[in-house]
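Enquirer: My file is coords.cif. It has mmCIF, C-alpha atoms:
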data_coords
#
loop_
_atom_site.label_atom_id
_atom_site.label_comp_id
_atom_site.auth_asym_id
_atom_site.auth_seq_id
_atom_site.Cartn_x
_atom_site.Cartn_y
_atom_site.Cartn_z
CA MET A 3 142.17 156.29 16.00
CA PRO A 4 140.06 154.51 13.38
CA ALA A 5 139.10 150.89 13.75
CA ARG A 6 140.57 148.49 11.21
CA PHE A 7 138.08 146.18 9.54
CA VAL A 8 138.76 143.06 7.48
CA LEU A 9 136.14 140.88 5.78
CA SER A 10 137.09 137.47 4.39
CA PHE A 11 135.15 134.72 2.64
CA ASP A 12 136.04 131.01 2.68
CA CYS A 13 135.13 129.90 -0.86
CA GLU A 14 134.73 126.14 -1.10
CA GLY A 15 131.74 124.89 -3.07
CA LYS A 16 131.31 121.23 -2.23
CA TRP A 17 135.01 120.87 -1.38
CA GLY A 18 134.26 122.27 2.07
CA SER A 19 132.12 119.27 3.01
CA ALA A 20 133.62 116.55 0.83
CA ASP A 21 134.06 114.22 3.80
CA GLY A 22 130.44 114.61 4.91
CA LEU A 23 128.22 115.62 2.00
CA THR A 24 124.59 115.75 3.04
CA ALA A 25 121.40 115.74 1.01
CA GLY A 26 121.16 119.46 1.80
CA ASP A 27 124.65 120.08 0.39
CA ARG A 28 123.72 118.25 -2.79
CA ARG A 29 120.51 120.29 -3.05
CA ASP A 30 121.91 123.72 -2.23
CA LEU A 31 125.53 123.71 -3.42
CA LYS A 32 124.67 123.66 -7.09
CA ASP A 33 126.24 125.90 -9.68
CA GLN A 34 123.28 128.26 -10.12
CA LYS A 35 122.73 128.70 -6.38
CA LEU A 36 126.43 129.41 -5.92
CA ARG A 37 126.41 131.95 -8.76
CA ASP A 38 123.39 133.65 -7.17
CA ALA A 39 125.04 133.75 -3.73
CA TYR A 40 128.35 135.14 -4.99
CA GLY A 41 126.54 137.65 -7.19
CA ALA A 42 124.43 138.87 -4.25
CA ILE A 43 127.53 139.25 -2.06
CA LEU A 44 129.39 141.21 -4.73
CA SER A 45 126.37 143.48 -5.21
CA VAL A 46 126.29 144.30 -1.49
CA LEU A 47 130.02 145.00 -1.43
CA ASP A 48 129.70 147.21 -4.52
CA GLU A 49 126.83 149.13 -2.96
CA TYR A 50 128.82 150.01 0.15
CA ARG A 51 132.23 150.18 -1.60
CA ILE A 52 133.77 147.53 0.64
CA GLU A 53 136.81 145.52 -0.44
CA ALA A 54 137.10 141.96 0.86
CA THR A 55 139.26 138.86 0.68
CA PHE A 56 137.87 135.83 -1.16
CA ALA A 57 139.97 132.78 -0.22
CA PHE A 58 139.29 129.99 -2.73
CA ALA A 59 140.07 126.32 -2.23
CA GLY A 60 142.47 125.75 -5.12
CA ALA A 61 140.65 122.76 -6.59
CA PHE A 62 137.37 124.72 -6.46
CA SER A 63 138.96 127.67 -8.27
CA GLN A 64 139.45 125.63 -11.43
CA SER A 65 137.19 125.17 -14.43
CA ALA A 66 136.12 121.65 -15.38
CA SER A 67 139.00 121.45 -17.85
CA GLY A 68 141.45 122.95 -15.39
CA PHE A 69 140.42 120.42 -12.77
CA ALA A 70 140.78 117.58 -15.29
CA ARG A 71 144.41 118.65 -15.71
CA ILE A 72 145.19 118.32 -11.97
CA ARG A 73 142.87 115.39 -11.31
CA PRO A 74 145.57 112.70 -11.73
CA ALA A 75 147.57 114.31 -8.92
CA ILE A 76 144.47 114.46 -6.69
CA GLU A 77 143.65 110.84 -7.46
CA ALA A 78 147.19 109.94 -6.39
CA LEU A 79 146.57 111.70 -3.08
CA ALA A 80 143.28 109.86 -2.53
CA SER A 81 145.07 106.83 -1.10
CA GLU A 82 146.44 109.07 1.66
CA ALA A 83 143.16 110.90 2.32
CA PRO A 84 140.47 108.41 1.26
CA ASP A 85 137.73 109.75 3.53
CA TYR A 86 137.98 113.14 1.91
CA LEU A 87 139.09 112.73 -1.69
CA ARG A 88 137.34 109.54 -2.74
CA PRO A 89 133.84 110.89 -1.95
CA ALA A 90 134.78 114.11 -3.74
CA LEU A 91 135.89 112.34 -6.89
CA ARG A 92 132.86 110.06 -6.81
CA ASP A 93 130.42 112.98 -6.52
CA ILE A 94 132.20 114.88 -9.30
CA ASP A 95 131.66 111.89 -11.58
CA GLU A 96 128.06 111.33 -10.49
CA THR A 97 126.97 114.97 -10.85
CA GLY A 98 129.11 116.11 -13.75
CA GLY A 99 131.01 118.39 -11.37
CA GLU A 100 127.96 120.28 -10.07
CA GLY A 101 129.21 122.48 -7.21
CA TRP A 102 132.86 121.47 -7.60
CA HIS A 103 134.22 123.82 -10.30
CA GLY A 104 134.18 127.52 -9.40
CA ALA A 105 136.33 129.26 -12.03
CA ALA A 106 133.35 131.43 -13.05
CA LEU A 107 133.05 132.60 -9.45
CA VAL A 108 136.74 133.50 -9.32
CA GLU A 109 136.21 135.50 -12.51
CA ALA A 110 133.18 137.26 -11.00
CA VAL A 111 135.23 138.32 -7.98
CA GLY A 112 138.17 139.40 -10.13
CA THR A 113 136.02 141.56 -12.43
CA ALA A 114 133.83 143.13 -9.73
CA ARG A 115 133.72 146.90 -9.40
CA MET A 116 135.61 146.77 -6.11
CA GLN A 117 139.19 145.50 -6.08
CA HIS A 118 138.90 142.37 -3.96
CA GLU A 119 141.78 140.14 -2.93
CA ILE A 120 141.83 136.54 -4.15
CA ALA A 121 143.57 134.34 -1.57
CA LEU A 122 144.12 130.61 -1.05
CA HIS A 123 142.05 128.30 1.17
CA GLY A 124 144.13 125.17 0.73
CA VAL A 125 143.95 123.18 -2.48
CA THR A 126 141.91 120.11 -1.58
CA HIS A 127 140.42 121.67 1.58
CA ILE A 128 141.81 118.82 3.68
CA PRO A 129 142.71 120.31 7.10
CA TRP A 130 146.45 120.83 7.32
CA THR A 131 146.54 119.32 10.81
CA GLN A 132 145.81 116.00 9.05
CA MET A 133 148.79 116.36 6.70
CA ASP A 134 152.41 115.42 7.13
CA PRO A 135 155.10 117.67 5.59
CA ALA A 136 155.24 115.58 2.41
CA PHE A 137 151.49 115.95 1.86
CA VAL A 138 151.73 119.72 2.45
CA ASP A 139 154.55 119.91 -0.08
CA THR A 140 152.39 118.08 -2.63
CA GLU A 141 149.46 120.44 -1.95
CA LEU A 142 151.67 123.47 -2.46
CA GLY A 143 153.07 121.93 -5.62
CA LEU A 144 149.48 121.65 -6.86
CA PHE A 145 148.92 125.28 -5.87
CA GLU A 146 151.81 126.32 -8.09
CA SER A 147 150.24 124.50 -11.05
CA LEU A 148 146.75 126.04 -10.73
CA GLU A 149 145.23 128.12 -13.50
CA GLY A 150 143.88 131.60 -12.85
CA PRO A 151 144.47 134.36 -10.28
CA VAL A 152 144.37 132.03 -7.26
CA ARG A 153 147.89 131.06 -8.29
CA SER A 154 149.04 134.58 -7.29
CA SER A 155 147.61 134.37 -3.75
CA ARG A 156 149.76 135.85 -1.00
CA THR A 157 147.53 135.29 2.03
CA PHE A 158 146.07 132.03 3.28
CA VAL A 159 142.99 130.83 5.14
CA TYR A 160 143.43 127.40 6.67
CA PRO A 161 140.74 124.82 5.87
CA ARG A 162 138.47 124.53 8.92
CA ASN A 163 140.75 127.04 10.67
CA ARG A 164 143.25 124.30 11.59
CA VAL A 165 146.59 126.12 11.61
CA ALA A 166 149.68 123.99 10.93
CA HIS A 167 152.87 123.95 8.82
CA VAL A 168 153.16 127.74 8.88
CA ASP A 169 156.81 127.50 7.83
CA ALA A 170 155.78 125.86 4.54
CA LEU A 171 153.59 128.86 3.68
CA GLU A 172 156.35 131.30 4.51
CA ALA A 173 158.81 129.35 2.34
CA ARG A 174 156.39 129.73 -0.61
CA GLY A 175 156.22 133.51 -0.20
CA PHE A 176 152.91 133.92 1.62
CA LEU A 177 152.76 137.13 3.63
CA GLY A 178 150.01 136.22 6.10
CA PHE A 179 147.47 133.66 7.26
CA ARG A 180 144.22 134.02 9.17
CA ALA A 181 144.86 132.85 12.72
CA ALA A 182 142.69 130.21 14.38
CA PRO A 183 139.76 131.32 16.55
CA PRO A 184 139.27 129.72 19.98
CA ASP A 185 138.49 126.02 19.70
CA ARG A 186 134.86 125.70 20.80
CA SER A 187 132.13 123.10 20.62
CA ARG A 188 129.21 123.84 18.30
CA PHE A 189 127.09 124.73 21.33
CA ARG A 190 129.65 127.14 22.77
CA SER A 191 130.11 128.68 19.33
CA PHE A 192 126.35 129.21 19.15
CA LEU A 193 126.32 130.83 22.60
CA SER A 194 129.14 133.17 21.60
CA GLU A 195 126.75 134.85 19.15
CA PHE A 196 125.03 136.39 22.19
CA ASN A 197 128.28 137.64 23.77
CA LEU A 198 128.15 141.42 23.64
CA PHE A 199 131.37 141.76 25.61
CA ASP A 200 133.76 140.25 23.07
CA GLN A 201 136.78 142.46 22.51
CA PRO A 202 138.34 143.40 19.16
CA GLU A 203 141.73 141.89 18.47
CA GLN A 204 145.19 143.44 18.60
CA GLU A 205 147.97 142.78 16.11
CA GLN A 206 149.77 139.48 16.66
CA ARG A 207 153.34 140.52 16.02
CA ARG A 208 155.79 137.86 14.88
CA GLU A 209 158.84 137.62 12.67
CA GLY A 210 158.22 136.66 9.06
CA ILE A 211 154.76 135.59 7.93
CA LEU A 212 152.00 137.49 9.73
CA ALA A 213 149.20 135.96 11.78
CA ILE A 214 146.14 137.96 10.74
CA PRO A 215 143.64 138.27 13.63
CA ALA A 216 141.25 135.32 13.58
CA GLY A 217 138.09 137.35 13.74
CA TYR A 218 134.45 136.44 14.19
CA PHE A 219 132.14 134.21 12.17
CA LEU A 220 129.15 136.14 10.85
CA ASN A 221 126.16 134.19 12.09
CA TRP A 222 124.91 131.65 9.55
CA ARG A 223 121.13 131.71 9.75
CA SER A 224 120.70 127.95 9.54
CA GLY A 225 119.39 125.47 12.08
CA ALA A 226 119.55 126.67 15.69
CA ARG A 227 121.48 129.76 14.59
CA ARG A 228 118.23 131.17 13.21
CA LEU A 229 117.29 131.77 16.85
CA VAL A 230 119.94 134.49 17.17
CA PRO A 231 118.08 137.80 16.72
CA PRO A 232 119.59 139.94 13.93
CA ALA A 233 119.51 142.87 16.35
CA ILE A 234 121.95 141.01 18.62
CA THR A 235 124.29 140.32 15.71
CA LYS A 236 124.19 144.01 14.75
CA LEU A 237 124.76 145.22 18.32
CA ARG A 238 127.69 142.83 18.74
CA ALA A 239 129.32 144.18 15.59
CA LYS A 240 128.75 147.80 16.67
CA ARG A 241 130.35 147.14 20.06
CA LEU A 242 133.35 145.48 18.42
CA LEU A 243 133.81 148.41 16.04
CA ASP A 244 133.46 150.90 18.88
CA GLY A 245 136.10 149.05 20.87
CA ALA A 246 138.45 148.86 17.90
CA ALA A 247 138.17 152.60 17.28
CA ALA A 248 139.05 153.27 20.90
CA THR A 249 142.11 151.01 20.92
CA ASN A 250 143.34 150.95 17.28
CA ALA A 251 142.38 147.28 17.19
CA VAL A 252 141.09 145.00 14.44
CA VAL A 253 137.63 143.63 13.70
CA HIS A 254 137.81 140.72 11.25
CA TYR A 255 134.56 139.08 10.18
CA TRP A 256 134.40 135.99 7.98
CA LEU A 257 131.86 133.62 6.48
CA HIS A 258 131.35 131.31 3.51
CA PRO A 259 129.45 132.42 0.40
CA GLU A 260 128.02 128.91 0.64
CA ASN A 261 126.34 129.99 3.90
CA ILE A 262 124.23 132.35 1.80
CA ALA A 263 123.51 129.68 -0.81
CA THR A 264 122.20 127.39 1.93
CA ALA A 265 120.55 130.07 4.12
CA PRO A 266 119.75 133.16 2.00
CA SER A 267 118.63 135.28 4.97
CA THR A 268 122.31 135.39 6.02
CA LEU A 269 122.74 137.98 3.26
CA GLN A 270 120.75 140.51 5.29
CA LEU A 271 123.22 140.16 8.15
CA LEU A 272 126.08 140.81 5.74
CA ASP A 273 124.28 143.87 4.40
CA THR A 274 123.76 145.17 7.94
CA LEU A 275 127.39 144.57 8.88
CA VAL A 276 128.99 146.23 5.87
CA GLY A 277 126.48 149.08 6.03
CA GLU A 278 127.62 149.78 9.57
CA VAL A 279 131.27 149.58 8.52
CA ALA A 280 130.71 151.87 5.52
CA ALA A 281 129.02 154.53 7.66
CA ARG A 282 131.96 154.51 10.07
CA ARG A 283 134.49 154.57 7.23
CA ASP A 284 132.76 157.57 5.66
CA ALA A 285 132.86 159.34 9.03
CA GLY A 286 136.58 158.64 9.37
CA HIS A 287 136.19 156.13 12.20
CA CYS A 288 137.09 152.94 10.31
CA VAL A 289 139.61 151.78 7.71
CA VAL A 290 138.66 148.83 5.48
CA LEU A 291 141.46 146.41 4.56
CA THR A 292 141.76 143.12 2.74
CA GLN A 293 143.93 140.45 4.37
CA LEU A 294 146.78 141.46 2.07
CA GLY A 295 146.17 145.12 2.79
CA TYR A 296 146.30 144.36 6.50
CA CYS A 297 149.65 142.60 6.08
CA ARG A 298 151.08 145.52 4.16
CA SER A 299 149.73 148.02 6.67
CA THR A 300 151.85 146.41 9.39
CA GLU A 301 155.11 146.65 7.45
CA SER A 302 157.66 149.06 8.85
CA PRO A 303 158.39 151.98 6.52
CA SER A 304 161.76 151.56 4.80
#
Rewrite the structure from the file as structure tokens, please.
Expert:
Amino acid sequence: MPARFVLSFDCEGKWGSADGLTAGDRRDLKDQKLRDAYGAILSVLDEYRIEATFAFAGAFSQSASGFARIRPAIEALASEAPDYLRPALRDIDETGGEGWHGAALVEAVGTARMQHEIALHGVTHIPWTQMDPAFVDTELGLFESLEGPVRSSRTFVYPRNRVAHVDALEARGFLGFRAAPPDRSRFRSFLSEFNLFDQPEQEQRREGILAIPAGYFLNWRSGARRLVPPAITKLRAKRLLDGAAATNAVVHYWLHPENIATAPSTLQLLDTLVGEVAARRDAGHCVVLTQLGYCRSTESPS
């Protein structure tokens, strides 16, 4: 049986670190660096003919004018999430929106040679575990007012992988969400990069909205993570794909395009990974799916 492979990207710009912007974020998460990172990713995916899921934070998916239209609603939410939204709004004003408006990146994904899925990664990127049902309802109301293809998203990636309020997604017609990986400290997460005995994941069957296997973070070559040899990352991926082919399981890798903007050598790991997947696909040992494609592949034939 072929392995099933899913690749997803959490697309955030500065929204992903709004509650803790660093000098490095302000230096690296600029519009040109983000355009370069997304362009490099799309080139790699085109080269190997790999389709992927790009899950955009809704606020990030908007142009400057599109964001201005929803800004009053976000300002109204700032009193409920001041540690997250007030720094975001302040930096938008101070920088002219540098790193906050990604509509051009959504367009680049949507017009790429490969047919990628555009999914939703929250609207404000506030973790849903910090929201009450009323806040979630407001977020999803904002989602329904977004401009562009993000508005048609049917799968979801939770901000910071904090899964909550699944019923609200199902009520809005979402078909699947990426499940949460094991909750680990930063140190244990770092050590997991050396674990060559990880097993691929099986389907998580449930009624209604589907929990898409949580997958594995592609090592971000920043800080201590630069100590992980690329050969180990490649061997880990090969072992996971081998195991998935033997058991009809799923290998789901994910990362942020922003990881490549801040640590460009991460792109080589992505190239190595998708090259390995493409070779297996061409040999009939692997099927490549987007998150939405994975959801549809699990549907019972009528």
Enquirer: Can you turn the PyMOL selection byres ((chain A and resi 7-19) around 6) into a concrete residue list for this file, as a ChimeraX atom specification?
Expert: /A:6,20-23,54-59,101-102,252-258,290-292
Enquirer: May I have the selected residues written with C-alpha atoms, as a JSON list (two decimals), in the frame of the given file?
Expert:
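Writing the result to out.json gives the following:
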[["chain", "number", "residue", "atom", "x", "y", "z"],
["A", 6, "ARG", "CA", 140.57, 148.49, 11.21],
["A", 20, "ALA", "CA", 133.62, 116.55, 0.83],
["A", 21, "ASP", "CA", 134.06, 114.22, 3.80],
["A", 22, "GLY", "CA", 130.44, 114.61, 4.91],
["A", 23, "LEU", "CA", 128.22, 115.62, 2.00],
["A", 54, "ALA", "CA", 137.10, 141.96, 0.86],
["A", 55, "THR", "CA", 139.26, 138.86, 0.68],
["A", 56, "PHE", "CA", 137.87, 135.83, -1.16],
["A", 57, "ALA", "CA", 139.97, 132.78, -0.22],
["A", 58, "PHE", "CA", 139.29, 129.99, -2.73],
["A", 59, "ALA", "CA", 140.07, 126.32, -2.23],
["A", 101, "GLY", "CA", 129.21, 122.48, -7.21],
["A", 102, "TRP", "CA", 132.86, 121.47, -7.60],
["A", 252, "VAL", "CA", 141.09, 145.00, 14.44],
["A", 253, "VAL", "CA", 137.63, 143.63, 13.70],
["A", 254, "HIS", "CA", 137.81, 140.72, 11.25],
["A", 255, "TYR", "CA", 134.56, 139.08, 10.18],
["A", 256, "TRP", "CA", 134.40, 135.99, 7.98],
["A", 257, "LEU", "CA", 131.86, 133.62, 6.48],
["A", 258, "HIS", "CA", 131.35, 131.31, 3.51],
["A", 290, "VAL", "CA", 138.66, 148.83, 5.48],
["A", 291, "LEU", "CA", 141.46, 146.41, 4.56],
["A", 292, "THR", "CA", 141.76, 143.12, 2.74]]
Enquirer: Could you check which of A:Pro84, A:Leu171, A:Arg227, A:Leu148 is closest to Arg190 (chain A), using all atoms listed in the file?
Expert: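 With all atoms listed in the file as the atom set, the closest residue is A:Arg227.
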Enquirer: Pick from A:Pro215, A:Gly225, A:Gly26, A:Pro232: nearest to Val159 (chain A), with all atoms listed in the file counted?
Expert: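 Nearest to Val159 (chain A): A:Pro215.
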Enquirer: So, counting all atoms listed in the file, which residue among A:Thr131, A:Thr113, A:Ser81, A:Gln293 is closest to Arg162 (chain A)?
Expert: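 Smallest separation from Arg162 (chain A) among the options: A:Thr131.
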Enquirer: Report, in Å with one decimal, the straight-line distance from CA of Leu122 (chain A) to CA of Val152 (chain A).
Expert: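 CA of Val152 (chain A) lies 6.4 Å from CA of Leu122 (chain A).
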Enquirer: Using only C-alpha atoms for the distances, tell me which of A:Gly112, A:Arg186, A:Val138, A:Asn261 is nearest to Ser224 (chain A).
Expert: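 With only C-alpha atoms as the atom set, the closest residue is A:Asn261.
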Enquirer: Identify, on the basis of only C-alpha atoms, every residue whose closest approach to region 193-204 of chain A does not exceed 8 Å; exclude the query and any residue fewer than 2 positions from it along the same chain; express the result as a ChimeraX atom specification.
Expert: /A:189-191,206,215,217,221,230,234-235,237-238,241-243,245-246,250-253
Enquirer: If the PyMOL selection byres ((chain A and resi 164) around 8) were run on this exact file, what residues would it hold? Put them as number ranges by chain.
Expert: A: 129-131, 160-163, 165-166, 182
Enquirer: Residues proximal to (148.0, 120.3, -14.5) were defined as those with any atom within 6 Å of that point in the file's coordinates, counting only C-alpha atoms. Which are they, as a VMD selection string?
Expert: chain A and resid 71 to 72 147
Enquirer: Excluding same-chain residues fewer than 6 positions from Leu107 (chain A), what lies within 9 Å of it counting all atoms listed in the file, as a list in words?
Expert: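 Returned residues: Leu36, Arg37, Tyr40, Gly41 and Ser63 of chain A.
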Enquirer: What is the CA of Leu44 (chain A)-CA of Glu149 (chain A) distance in Å, reported with one decimal?
Expert: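 These two atoms are separated by 22.3 Å.
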Enquirer: Given the file shown, determine the residues that the PyMOL selection byres ((chain A and resi 262-272) around 7) selects; report them as a PyMOL selection string.
Expert: chain A and resi 30-31+35-36+39+222-224+232+259-261+273-276
Enquirer: Can you pull out every residue within 10 Å of Leu91 (chain A), counting all atoms listed in the file, but drop anything in the same chain fewer than 5 positions away, and send it as a ChimeraX atom specification?
Expert: /A:20,73,76-77,80,86,96,99,102
Enquirer: Between CA of Ile120 (chain A) and CA of Cys288 (chain A), what is the spacing in Å?
Expert: 22.4 Å
Enquirer: Which residue is closest to Phe179 (chain A)? Choose from A:Ile128, A:Ala285, A:Leu294, A:Ala25 and count only C-alpha atoms.
Expert: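 Among A:Ile128, A:Ala285, A:Leu294, A:Ala25, it is A:Leu294 that comes nearest to Phe179 (chain A).
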Enquirer: What are the centre and edge lengths in Å, to one decimal, of the axis-aligned box around all listed atoms of region 150-166 of chain A with 3 Å added on each side, as lines of an AutoDock Vina configuration file?
Expert:
center_x = 144.1
center_y = 129.9
center_z = -0.6
size_x = 17.3
size_y = 17.9
size_z = 30.5
Enquirer: Return the single residue from A:Arg228, A:Arg156, A:Arg174, A:His167 that is closest to Phe192 (chain A), with distances computed using only C-alpha atoms.
Expert: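 Nearest candidate to Phe192 (chain A) out of A:Arg228, A:Arg156, A:Arg174, A:His167: A:Arg228.
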Enquirer: Could you please give me, as a PyMOL selection string, the residues of protein, DNA or RNA lying at most 9 Å from (150.7, 137.7, 0.8) in the coordinate frame of the file, considering all atoms listed in the file?
Expert: chain A and resi 121+154-158+175-179+211+293-295+297-298
Enquirer: Please complete region 201-227 of chain A so it has N, CA and C atoms, and hand it over as an mmCIF file, in the coordinates of the input.
Expert:
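The result, written out as result-v4.cif:
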data_model
loop_
_atom_site.group_PDB
_atom_site.id
_atom_site.type_symbol
_atom_site.label_atom_id
_atom_site.label_comp_id
_atom_site.auth_asym_id
_atom_site.auth_seq_id
_atom_site.Cartn_x
_atom_site.Cartn_y
_atom_site.Cartn_z
ATOM 1 N N GLN A 201 135.889 141.335 22.757
ATOM 2 C CA GLN A 201 136.780 142.460 22.510
ATOM 3 C C GLN A 201 137.403 142.335 21.124
ATOM 4 N N PRO A 202 137.619 143.457 20.438
ATOM 5 C CA PRO A 202 138.340 143.400 19.160
ATOM 6 C C PRO A 202 139.772 142.931 19.404
ATOM 7 N N GLU A 203 140.416 142.513 18.334
ATOM 8 C CA GLU A 203 141.730 141.890 18.470
ATOM 9 C C GLU A 203 142.857 142.884 18.184
ATOM 10 N N GLN A 204 143.989 142.656 18.844
ATOM 11 C CA GLN A 204 145.190 143.440 18.600
ATOM 12 C C GLN A 204 146.079 142.691 17.606
ATOM 13 N N GLU A 205 147.018 143.413 17.018
ATOM 14 C CA GLU A 205 147.970 142.780 16.110
ATOM 15 C C GLU A 205 148.725 141.666 16.839
ATOM 16 N N GLN A 206 148.954 140.571 16.131
ATOM 17 C CA GLN A 206 149.770 139.480 16.660
ATOM 18 C C GLN A 206 151.148 139.568 16.006
ATOM 19 N N ARG A 207 152.036 140.280 16.631
ATOM 20 C CA ARG A 207 153.340 140.520 16.020
ATOM 21 C C ARG A 207 154.201 139.257 16.069
ATOM 22 N N ARG A 208 154.879 138.987 14.966
ATOM 23 C CA ARG A 208 155.790 137.860 14.880
ATOM 24 C C ARG A 208 156.759 138.148 13.738
ATOM 25 N N GLU A 209 157.885 137.482 13.757
ATOM 26 C CA GLU A 209 158.840 137.620 12.670
ATOM 27 C C GLU A 209 158.334 136.840 11.461
ATOM 28 N N GLY A 210 158.581 137.375 10.277
ATOM 29 C CA GLY A 210 158.220 136.660 9.060
ATOM 30 C C GLY A 210 156.742 136.745 8.757
ATOM 31 N N ILE A 211 156.164 135.625 8.332
ATOM 32 C CA ILE A 211 154.760 135.590 7.930
ATOM 33 C C ILE A 211 153.867 136.062 9.073
ATOM 34 N N LEU A 212 152.836 136.828 8.719
ATOM 35 C CA LEU A 212 152.000 137.490 9.730
ATOM 36 C C LEU A 212 150.773 136.654 10.057
ATOM 37 N N ALA A 213 150.452 136.577 11.337
ATOM 38 C CA ALA A 213 149.200 135.960 11.780
ATOM 39 C C ALA A 213 148.128 137.053 11.789
ATOM 40 N N ILE A 214 147.219 136.990 10.834
ATOM 41 C CA ILE A 214 146.140 137.960 10.740
ATOM 42 C C ILE A 214 145.100 137.621 11.811
ATOM 43 N N PRO A 215 144.606 138.593 12.568
ATOM 44 C CA PRO A 215 143.640 138.270 13.630
ATOM 45 C C PRO A 215 142.522 137.361 13.145
ATOM 46 N N ALA A 216 142.165 136.395 13.983
ATOM 47 C CA ALA A 216 141.250 135.320 13.580
ATOM 48 C C ALA A 216 139.852 135.804 13.273
ATOM 49 N N GLY A 217 139.381 136.765 14.029
ATOM 50 C CA GLY A 217 138.090 137.350 13.740
ATOM 51 C C GLY A 217 136.893 136.572 14.244
ATOM 52 N N TYR A 218 135.732 136.925 13.705
ATOM 53 C CA TYR A 218 134.450 136.440 14.190
ATOM 54 C C TYR A 218 133.626 135.935 13.012
ATOM 55 N N PHE A 219 133.015 134.801 13.190
ATOM 56 C CA PHE A 219 132.140 134.210 12.170
ATOM 57 C C PHE A 219 130.825 134.974 12.150
ATOM 58 N N LEU A 220 130.448 135.473 10.972
ATOM 59 C CA LEU A 220 129.150 136.140 10.850
ATOM 60 C C LEU A 220 128.063 135.073 10.905
ATOM 61 N N ASN A 221 127.138 135.243 11.819
ATOM 62 C CA ASN A 221 126.160 134.190 12.090
ATOM 63 C C ASN A 221 125.496 133.664 10.821
ATOM 64 N N TRP A 222 125.546 132.350 10.670
ATOM 65 C CA TRP A 222 124.910 131.650 9.550
ATOM 66 C C TRP A 222 123.498 131.293 9.978
ATOM 67 N N ARG A 223 122.513 131.870 9.301
ATOM 68 C CA ARG A 223 121.130 131.710 9.750
ATOM 69 C C ARG A 223 120.559 130.373 9.276
ATOM 70 N N SER A 224 121.111 129.322 9.868
ATOM 71 C CA SER A 224 120.700 127.950 9.540
ATOM 72 C C SER A 224 120.547 127.180 10.839
ATOM 73 N N GLY A 225 119.581 126.278 10.887
ATOM 74 C CA GLY A 225 119.390 125.470 12.080
ATOM 75 C C GLY A 225 119.128 126.319 13.301
ATOM 76 N N ALA A 226 119.765 125.937 14.429
ATOM 77 C CA ALA A 226 119.550 126.670 15.690
ATOM 78 C C ALA A 226 120.024 128.114 15.599
ATOM 79 N N ARG A 227 120.958 128.403 14.699
ATOM 80 C CA ARG A 227 121.480 129.760 14.590
ATOM 81 C C ARG A 227 120.421 130.768 14.108
#
